[in-house]
Structure formats: structure tokens, C-alpha cells
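Student: Data: input_3.txt, compact mmCIF, C-alpha atoms.
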# COMPACT_ATOMS: atom_id res chain seq x y z
CA MET A 22 194.25 -310.57 -81.50
CA ILE A 23 190.95 -309.33 -80.32
CA PRO A 24 188.49 -308.50 -83.07
CA PRO A 25 187.32 -304.91 -83.02
CA THR A 26 183.97 -304.30 -81.59
CA ALA A 27 181.46 -301.88 -82.91
CA SER A 28 182.42 -299.39 -80.22
CA SER A 29 186.19 -299.51 -81.09
CA ALA A 30 185.51 -299.10 -84.85
CA ILE A 31 183.67 -295.82 -84.33
CA PRO A 32 186.66 -294.00 -82.81
CA ARG A 33 188.84 -295.24 -85.69
CA ARG A 34 186.36 -293.90 -88.25
CA SER A 35 186.04 -290.67 -86.30
CA GLY A 36 189.83 -290.38 -86.18
CA ALA A 37 190.11 -290.98 -89.92
CA LEU A 38 187.37 -288.45 -90.64
CA MET A 39 189.06 -285.97 -88.34
CA MET A 40 192.38 -286.43 -90.21
CA VAL A 41 190.66 -285.88 -93.56
CA SER A 42 188.95 -282.79 -92.16
CA ILE A 43 192.25 -281.38 -90.87
CA VAL A 44 193.97 -282.04 -94.20
CA LEU A 45 191.11 -280.30 -96.03
CA MET A 46 191.21 -277.35 -93.64
CA LEU A 47 194.98 -277.00 -94.01
CA ALA A 48 194.68 -277.22 -97.77
CA GLY A 49 192.13 -274.42 -97.63
CA CYS A 50 194.63 -272.25 -95.74
CA ALA A 51 197.54 -272.94 -98.05
CA PRO A 52 198.15 -270.39 -100.76
CA THR A 53 196.61 -271.31 -104.06
CA PRO A 54 199.23 -271.57 -106.79
CA GLU A 55 198.93 -268.93 -109.49
CA PRO A 56 197.25 -270.36 -112.56
CA THR A 57 199.49 -270.73 -115.55
CA PRO A 58 198.26 -268.33 -118.19
CA THR A 59 197.08 -269.95 -121.36
CA PRO A 60 198.02 -267.94 -124.39
CA THR A 61 194.94 -267.06 -126.38
CA ALA A 62 196.86 -265.31 -129.13
CA ALA A 63 200.37 -265.24 -130.50
CA PHE A 64 200.84 -261.61 -129.41
CA ALA A 65 199.58 -259.53 -126.52
CA SER A 66 198.41 -256.73 -128.80
CA GLU A 67 198.06 -255.61 -132.39
CA GLU A 68 200.98 -253.24 -131.89
CA GLU A 69 203.21 -256.12 -130.78
CA ALA A 70 202.11 -258.23 -133.77
CA PHE A 71 202.74 -255.40 -136.23
CA ALA A 72 206.16 -254.68 -134.72
CA ALA A 73 207.04 -258.37 -135.05
CA ALA A 74 205.87 -258.35 -138.68
CA GLU A 75 208.03 -255.35 -139.53
CA GLU A 76 211.01 -256.94 -137.78
CA THR A 77 210.37 -260.18 -139.70
CA PHE A 78 210.41 -258.33 -143.00
CA GLN A 79 213.65 -256.59 -142.03
CA HIS A 80 215.28 -259.95 -141.22
CA TYR A 81 214.02 -261.32 -144.54
CA ALA A 82 215.35 -258.30 -146.48
CA ASP A 83 218.72 -258.54 -144.71
CA ALA A 84 218.97 -262.27 -145.46
CA THR A 85 218.03 -261.65 -149.10
CA ASN A 86 220.71 -258.96 -149.43
CA GLU A 87 223.31 -261.35 -148.03
CA THR A 88 222.68 -264.10 -150.59
CA ASP A 89 225.26 -265.06 -153.15
CA LEU A 90 223.28 -266.48 -156.07
CA THR A 91 226.25 -268.70 -156.97
CA ASP A 92 226.22 -270.31 -153.49
CA PRO A 93 223.02 -272.22 -152.63
CA SER A 94 224.02 -272.49 -148.96
CA SER A 95 223.56 -268.71 -148.70
CA PHE A 96 219.84 -269.11 -149.48
CA GLU A 97 219.02 -270.92 -146.22
CA PRO A 98 218.81 -267.76 -144.05
CA VAL A 99 216.20 -266.40 -146.49
CA PHE A 100 214.18 -269.61 -146.34
CA ALA A 101 214.20 -269.44 -142.52
CA TRP A 102 211.91 -266.36 -142.71
CA LEU A 103 209.45 -267.88 -145.17
CA ALA A 104 206.58 -270.37 -145.03
CA GLY A 105 203.96 -271.79 -147.38
CA ASP A 106 203.70 -270.29 -150.86
CA ALA A 107 206.45 -267.75 -150.24
CA LEU A 108 208.88 -270.50 -149.28
CA SER A 109 207.98 -272.64 -152.30
CA ALA A 110 208.33 -269.69 -154.69
CA ALA A 111 211.66 -268.61 -153.17
CA ARG A 112 213.10 -272.11 -153.41
CA GLU A 113 212.11 -272.29 -157.07
CA ASN A 114 213.37 -268.78 -157.92
CA TYR A 115 216.71 -269.19 -156.17
CA SER A 116 217.17 -272.57 -157.83
CA GLN A 117 216.54 -271.00 -161.24
CA PHE A 118 218.92 -268.10 -160.53
CA TYR A 119 221.62 -270.56 -159.48
CA ALA A 120 221.08 -272.85 -162.49
CA ALA A 121 221.21 -269.89 -164.90
CA GLY A 122 224.39 -268.50 -163.32
CA ILE A 123 222.72 -265.19 -162.46
CA THR A 124 224.55 -262.86 -160.10
CA ARG A 125 223.14 -260.04 -158.02
CA SER A 126 224.60 -256.77 -156.81
CA GLY A 127 223.08 -254.01 -154.74
CA ALA A 128 220.60 -254.26 -151.91
CA SER A 129 216.88 -253.91 -151.54
CA THR A 130 215.36 -251.86 -148.75
CA PHE A 131 211.89 -250.95 -147.61
CA ASP A 132 210.87 -247.58 -146.32
CA ALA A 133 207.14 -247.92 -145.90
CA PHE A 134 205.49 -250.53 -143.71
CA THR A 135 201.75 -250.18 -143.27
CA PRO A 136 200.06 -252.61 -140.84
CA MET A 137 196.66 -253.74 -142.10
CA GLU A 138 195.26 -256.60 -140.03
CA TYR A 139 196.06 -258.90 -137.14
CA SER A 140 193.89 -261.93 -136.42
CA ASP A 141 194.50 -265.35 -134.86
CA GLY A 142 198.29 -265.15 -135.11
CA THR A 143 198.35 -263.88 -138.70
CA VAL A 144 199.34 -260.42 -139.84
CA THR A 145 198.80 -258.56 -143.09
CA ALA A 146 200.83 -255.50 -144.02
CA LEU A 147 201.64 -253.37 -147.04
CA VAL A 148 205.29 -252.72 -147.84
CA CYS A 149 207.05 -250.39 -150.28
CA LEU A 150 210.11 -252.26 -151.44
CA ASP A 151 212.92 -250.25 -153.02
CA ILE A 152 214.82 -252.43 -155.50
CA SER A 153 216.33 -249.57 -157.48
CA GLU A 154 219.89 -250.52 -156.44
CA VAL A 155 219.50 -254.23 -157.23
CA THR A 156 220.95 -255.50 -160.48
CA LEU A 157 220.78 -259.05 -161.76
CA SER A 158 223.26 -260.16 -164.40
CA ASN A 159 223.22 -263.22 -166.64
CA ALA A 160 226.28 -265.44 -166.79
CA ASP A 161 227.44 -263.53 -169.90
CA GLY A 162 227.25 -260.20 -168.04
CA THR A 163 224.07 -258.89 -169.67
CA SER A 164 221.27 -257.56 -167.51
CA ALA A 165 218.65 -260.04 -166.36
CA VAL A 166 216.42 -257.22 -165.13
CA PRO A 167 213.39 -256.49 -167.32
CA PRO A 168 213.70 -252.93 -168.66
CA ASP A 169 210.22 -252.03 -167.42
CA ARG A 170 210.83 -253.13 -163.81
CA PRO A 171 209.74 -250.31 -161.50
CA PRO A 172 212.39 -249.20 -158.99
CA ARG A 173 209.89 -249.45 -156.13
CA GLN A 174 207.27 -252.12 -155.65
CA ALA A 175 204.14 -252.10 -153.51
CA ILE A 176 203.48 -255.52 -152.03
CA GLU A 177 200.98 -257.03 -149.64
CA VAL A 178 202.71 -259.33 -147.18
CA PHE A 179 200.89 -262.06 -145.29
CA TYR A 180 202.56 -263.48 -142.17
CA VAL A 181 201.80 -266.64 -140.22
CA SER A 182 202.89 -267.89 -136.81
CA ALA A 183 206.23 -269.64 -136.99
CA GLU A 184 209.15 -270.74 -134.89
CA THR A 185 211.38 -267.76 -135.64
CA ALA A 186 212.88 -265.12 -133.40
CA THR A 187 209.88 -262.89 -134.14
CA ARG A 188 207.31 -265.72 -133.98
CA LEU A 189 206.29 -264.93 -137.59
CA ALA A 190 207.25 -265.99 -141.10
CA ILE A 191 206.25 -264.52 -144.45
CA SER A 192 203.68 -266.77 -146.08
CA SER A 193 202.98 -264.79 -149.25
CA THR A 194 203.87 -261.59 -151.01
CA THR A 195 201.58 -260.18 -153.67
CA PRO A 196 201.92 -257.04 -155.78
CA THR A 197 199.24 -254.56 -154.77
CA GLU A 198 197.77 -251.27 -155.86
CA SER A 199 196.45 -250.58 -152.34
CA ILE A 200 199.35 -248.20 -151.77
CA GLN A 201 201.46 -246.06 -154.04
CA CYS A 202 205.21 -246.30 -153.61
CA GLU A 203 206.60 -243.02 -154.93
Is it possible to express this structure as C-alpha cells?
Tutor:
Amino acid sequence: MIPPTASSAIPRRSGALMMVSIVLMLAGCAPTPEPTPTPTAAFASEEEAFAAAEETFQHYADATNETDLTDPSSFEPVFAWLAGDALSAARENYSQFYAAGITRSGASTFDAFTPMEYSDGTVTALVCLDISEVTLSNADGTSAVPPDRPPRQAIEVFYVSAETATRLAISSTTPTESIQCE
């Protein structure tokens, strides 16, 4: 084999540089792939977040109405719509209802949903909950409902991002005087 001379090495380098130049030019002509959007928020708009919050509350209310307080397996769909303090409180309350042999009849509904705030994947809303048709009975058949329970309750509901169909779960519910439920 004949060792390359200085003059034969130059064409090789020039050829390699030319190949790199062609590849770079062709890459410059190729279409640039669309950048993958990076979500900056859980929802595209406040309206979308508020709609998801209302839908979340509806799923929660439906699941609550479907529970059988004598069957703990029926509580799981309720728990699926809750997170944080709301989930802890619900687990404790349902456990107490079950242990005491309390039964429920009737359904709760809500007819007022007032969006308040959306920020960083969290939503706050005010809800008027109608529980006038809901009765709770002790194991002996007596009412477990306090006689002074109002038929409608105003609550502030705080939602957080979650892996649910609506991308939200209820994190807390607090009685409020911010709205009047007539």
C-alpha cells in the first residue's frame, strides 16, 4: 500500500467537507417537524376548566346518589371523584354510616354552579346543593337527619388536577355564605 501524500489527503478532506456541506444543505431544505406543544395549563381556557368542574361535580353527585350505605363497594365510584381532604372526609363518613347501619333514600341535586377562579390547574366554584329529598335512617328506622338541616346548602368547592375523565377531582367542600341558595 502506498502511503497517502499530502496532495492525496487534501482531496479526501475536500470530499468529506463537501459531503458534510451537502448533508447540511439537504437538511436545511427538508421540512422542519412541527414542534410538540407543551401544555402550560391543564385547560385551554377558563371556560373549559369551569365546564370540567361542573361536569366533575355532576359525576360526583351521581356517584353519591348511587351509593348503598350498607355496601362499601358502592362507595368506590364516589371516591374516584375526590382527592385530598374531601377524599379523607368521605372515607371516614361513609365508614361511619356503614358501621352505624345507616341507610339513605332520595337523591341530591345541584341547580346553581357559579365558577369563581381558575389558576394553575385548580378551580374554585360555588354550588347550591339541594338535599331536600335525601333522608338518612338509623338501623332502628329513626331519622338520622338533624331537624335543623337546611334543605339546600351553599358550598364552596375546590378542584385539583386529577386523572379522571374530566381531569379534575374535588379536593374540598366548605359551607359558604358567599351565595344564598333559596
Student: What is the CA of Ile152 in chain A to CA of Ala121 in chain A distance in Å?
Tutor: 20.8 Å
Student: Identify which of the residues A:Val144, A:Cys149, A:Ala82, A:Val99 lies closest to Ser129 in chain A, counting all atoms listed in the file when measuring atom-to-atom distances.
Tutor: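 Of A:Val144, A:Cys149, A:Ala82, A:Val99, the one nearest Ser129 in chain A is A:Ala82, counting all atoms listed in the file.
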Student: Which one is closest to Phe71 in chain A: A:Ser95, A:Thr187, A:Ser153, A:Ser199? Count all atoms listed in the file.
Tutor: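 Closest residue, counting all atoms listed in the file: A:Thr187.
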Student: Work out how far apart CA of Asp89 in chain A and CA of Leu103 in chain A are and give it in Å to one decimal.
Tutor: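 Distance between the two atoms: 17.9 Å.
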Student: Would you kindly return, as a PyMOL selection string, each protein, DNA or RNA residue with an atom no farther than 12 Å from any atom of range 90-94 of chain A, considering only C-alpha atoms and excluding same-chain residues fewer than 2 positions away?
Tutor: chain A and resi 84-88+96-100+111-126+157-160
Student: Please produce a file of the residues just selected, as an mmCIF file, in the frame of the given file, where the atoms kept are C-alpha atoms.
Tutor:
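File produced: part.cif:
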data_model
loop_
_atom_site.group_PDB
_atom_site.id
_atom_site.type_symbol
_atom_site.label_atom_id
_atom_site.label_comp_id
_atom_site.auth_asym_id
_atom_site.auth_seq_id
_atom_site.Cartn_x
_atom_site.Cartn_y
_atom_site.Cartn_z
ATOM 1 C CA ALA A 84 218.970 -262.270 -145.460
ATOM 2 C CA THR A 85 218.030 -261.650 -149.100
ATOM 3 C CA ASN A 86 220.710 -258.960 -149.430
ATOM 4 C CA GLU A 87 223.310 -261.350 -148.030
ATOM 5 C CA THR A 88 222.680 -264.100 -150.590
ATOM 6 C CA PHE A 96 219.840 -269.110 -149.480
ATOM 7 C CA GLU A 97 219.020 -270.920 -146.220
ATOM 8 C CA PRO A 98 218.810 -267.760 -144.050
ATOM 9 C CA VAL A 99 216.200 -266.400 -146.490
ATOM 10 C CA PHE A 100 214.180 -269.610 -146.340
ATOM 11 C CA ALA A 111 211.660 -268.610 -153.170
ATOM 12 C CA ARG A 112 213.100 -272.110 -153.410
ATOM 13 C CA GLU A 113 212.110 -272.290 -157.070
ATOM 14 C CA ASN A 114 213.370 -268.780 -157.920
ATOM 15 C CA TYR A 115 216.710 -269.190 -156.170
ATOM 16 C CA SER A 116 217.170 -272.570 -157.830
ATOM 17 C CA GLN A 117 216.540 -271.000 -161.240
ATOM 18 C CA PHE A 118 218.920 -268.100 -160.530
ATOM 19 C CA TYR A 119 221.620 -270.560 -159.480
ATOM 20 C CA ALA A 120 221.080 -272.850 -162.490
ATOM 21 C CA ALA A 121 221.210 -269.890 -164.900
ATOM 22 C CA GLY A 122 224.390 -268.500 -163.320
ATOM 23 C CA ILE A 123 222.720 -265.190 -162.460
ATOM 24 C CA THR A 124 224.550 -262.860 -160.100
ATOM 25 C CA ARG A 125 223.140 -260.040 -158.020
ATOM 26 C CA SER A 126 224.600 -256.770 -156.810
ATOM 27 C CA LEU A 157 220.780 -259.050 -161.760
ATOM 28 C CA SER A 158 223.260 -260.160 -164.400
ATOM 29 C CA ASN A 159 223.220 -263.220 -166.640
ATOM 30 C CA ALA A 160 226.280 -265.440 -166.790
#
